[in-house]
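To start, the structure under review is shown below, and the notes come after it.
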Amino acid sequence: MIEDLSALEPIKTWSLIVTLFGDLNGQPVTGKQLGAILGRVGIKTEAMRVALHRLRKEGWIVSTKIGREVTYSLSSHGLAETRAVYEDVYRQDVKFPDGWCVALTRQDCEPTGAMIRLDRALFLVPVSEATRSDQTRLRFEPEPVPMWFAGKIVAPQTITHVQRLHDLAGRMDFLTLPALPQATIRLLLLHHWRKIALRGSSWAHISLCPDGPLALCHQRVSGLLAELPKLSTDHLTM
């Protein structure tokens with residue numbers, strides 16, 4: 001299962017490390033512990049070092065060396081950025097529960113907030129944020145929206161990826177696994193879902209297509225993440 005999740009799409013080492021630190025929620029981790037879990041994903045030590053160097057340079061993490069052991073943790077900037085998106089990544093409910101509407105506006109309009117451009121002057125906007133005076137707003141009637149419209153919200157290749165993630169998550173028997181493999185599965189599930197959850201278009205699709213592939217994937221993956229213990233340094237040992 002780890003191999004299947006790892007092969008779902010190319011994984012950027014630095015991004016996976018950000019996911020890991022976000023789930024640790026401020027806990028420091030040693031280089032050895034990082035190597036243990038990343039090694040199970042197939043990430044080599046040199047790639048991990050390059051990624052850690054990049055994250056330090058960009059101010060996401062800080063490191064402390066005691067003797068021969070190096071400990072890493074999120075910087076204050078990294079922790080603030082992680083906590084700013086925490087709810088979207090881990091939520092089991094639907095973002096923007098009041099739904100979405102179509103807004104017609106000027107062609108030179110710059111999107112703000114959660115606005116999603118559909119065409120030059122056409123946007124998807126959460127109902128709760130549809131307050132601009134320069135917009136003409138239309139509610140969807142009926143819902144869910146037809147599939148041709150759903151295809152304008154999220155690209156077909158993203159839908160294919162989401163369906164594969166949903167299917168893999170449904171095959172998992174993780175509760176009987178030892179701590180490190182279980183932690184690795186959680187990390188990979190969380191990483192794939194995090195990338196999806198941080199796109200505003202994903203939440204529009206989930207809301208407007210409640211029986212669609214994105215909504216089903218959200219229900220399954222968020223449920224699994226709620227069952228799997230959050231990552232801790234106790235898990236990251238050989």
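Order determines the names: the first chain of the structure tokens is A, the second B, and so forth; residues in each chain are numbered 1 upward, and ligands are numbered 1 upward as they are shown.
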message = Which residues are close to region 144-159 of chain A, i.e. within 6 Å by only C-alpha atoms, leaving aside same-chain residues fewer than 5 positions away? Reply as number ranges by chain.
response = A: 201, 208-209
inquiry  = Give me the residues near region 60-72 of chain A as a ChimeraX atom specification, where near means some atom within 9 Å (using only C-alpha atoms) and where sequence neighbours in that chain fewer than 6 positions away do not count.
reply    = /A:18,21,27-32,52,54,78-79,81
May I have all residues of region 15-121 of chain A that DSSP, computed from the backbone, assigns to helix (DSSP H, G or I), given as a short mmCIF file (atom, residue, chain, number, x, y, z; two decimals) with C-alpha atoms, in the first residue's frame?
data_model
loop_
_atom_site.label_atom_id
_atom_site.label_comp_id
_atom_site.auth_asym_id
_atom_site.auth_seq_id
_atom_site.Cartn_x
_atom_site.Cartn_y
_atom_site.Cartn_z
CA SER A 15 6.55 19.42 0.05
CA LEU A 16 6.24 16.03 1.75
CA ILE A 17 8.44 17.30 4.60
CA VAL A 18 6.14 20.32 5.00
CA THR A 19 3.18 17.94 5.26
CA LEU A 20 5.02 15.90 7.88
CA PHE A 21 5.94 18.92 10.00
CA GLY A 22 2.37 20.19 9.75
CA ASP A 23 1.03 16.94 11.18
CA LEU A 24 3.65 17.01 13.93
CA GLY A 31 17.36 13.79 11.10
CA LYS A 32 17.39 10.08 11.91
CA GLN A 33 13.64 10.06 12.54
CA LEU A 34 13.00 11.97 9.33
CA GLY A 35 15.17 9.54 7.42
CA ALA A 36 13.25 6.57 8.84
CA ILE A 37 9.85 7.62 7.51
CA LEU A 38 11.05 9.24 4.28
CA GLY A 39 13.14 6.18 3.52
CA ARG A 40 10.00 4.05 3.54
CA VAL A 41 8.62 6.30 0.81
CA THR A 45 19.17 10.71 2.28
CA GLU A 46 20.75 13.17 -0.17
CA ALA A 47 17.35 14.26 -1.50
CA MET A 48 16.18 14.78 2.09
CA ARG A 49 19.22 16.94 2.87
CA VAL A 50 18.68 19.09 -0.23
CA ALA A 51 15.02 19.58 0.71
CA LEU A 52 15.86 20.47 4.31
CA HIS A 53 18.45 22.98 3.10
CA ARG A 54 15.84 24.61 0.86
CA LEU A 55 13.28 24.79 3.66
CA ARG A 56 15.82 26.33 6.05
CA LYS A 57 16.85 28.88 3.41
CA SER A 76 7.55 30.66 13.63
CA HIS A 77 6.82 31.52 9.99
CA GLY A 78 6.37 27.86 9.03
CA LEU A 79 4.12 27.23 12.02
CA ALA A 80 1.97 30.28 11.21
CA GLU A 81 1.63 29.25 7.55
CA THR A 82 0.75 25.67 8.54
CA ARG A 83 -1.86 26.69 11.08
CA ALA A 84 -3.44 29.12 8.60
CA TYR A 86 -4.94 23.58 9.14
CA GLU A 87 -8.73 23.64 9.13
CA ASP A 88 -9.00 23.19 5.36
CA VAL A 89 -6.63 20.21 5.35
CA TYR A 90 -8.19 18.31 8.25
#
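Of the residues in region 90-127 of chain A, those that DSSP places in strand (DSSP E or B) on the basis of the backbone are Trp100, Cys101, Val102, Ala103, Leu104, Ile116, Arg117, Leu118, Asp119, Leu122, Phe123, Leu124, Val125 and Pro126 of chain A.
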Could you turn the residues from that selection into a file that holds C-alpha atoms, as a PDB file, in the first residue's frame?
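As written to disk, result.pdb reads:
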ATOM      1  CA  TRP A 100     -21.613  28.847  -4.220  1.00  0.00           C
ATOM      2  CA  CYS A 101     -23.008  31.144  -6.882  1.00  0.00           C
ATOM      3  CA  VAL A 102     -21.946  32.419 -10.299  1.00  0.00           C
ATOM      4  CA  ALA A 103     -20.897  36.059 -10.423  1.00  0.00           C
ATOM      5  CA  LEU A 104     -20.815  38.123 -13.609  1.00  0.00           C
ATOM      6  CA  ILE A 116     -12.588  31.174  -8.986  1.00  0.00           C
ATOM      7  CA  ARG A 117     -12.370  32.454 -12.542  1.00  0.00           C
ATOM      8  CA  LEU A 118     -14.440  30.474 -15.062  1.00  0.00           C
ATOM      9  CA  ASP A 119     -14.138  32.925 -17.946  1.00  0.00           C
ATOM     10  CA  LEU A 122     -17.426  34.916 -14.976  1.00  0.00           C
ATOM     11  CA  PHE A 123     -16.512  33.640 -11.519  1.00  0.00           C
ATOM     12  CA  LEU A 124     -17.550  31.066  -8.961  1.00  0.00           C
ATOM     13  CA  VAL A 125     -17.936  32.725  -5.581  1.00  0.00           C
ATOM     14  CA  PRO A 126     -18.935  31.348  -2.161  1.00  0.00           C
TER      15      PRO A 126
END
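Distance-wise, CA of Pro97 (chain A) and CA of Thr136 (chain A) end up 20.9 Å apart.
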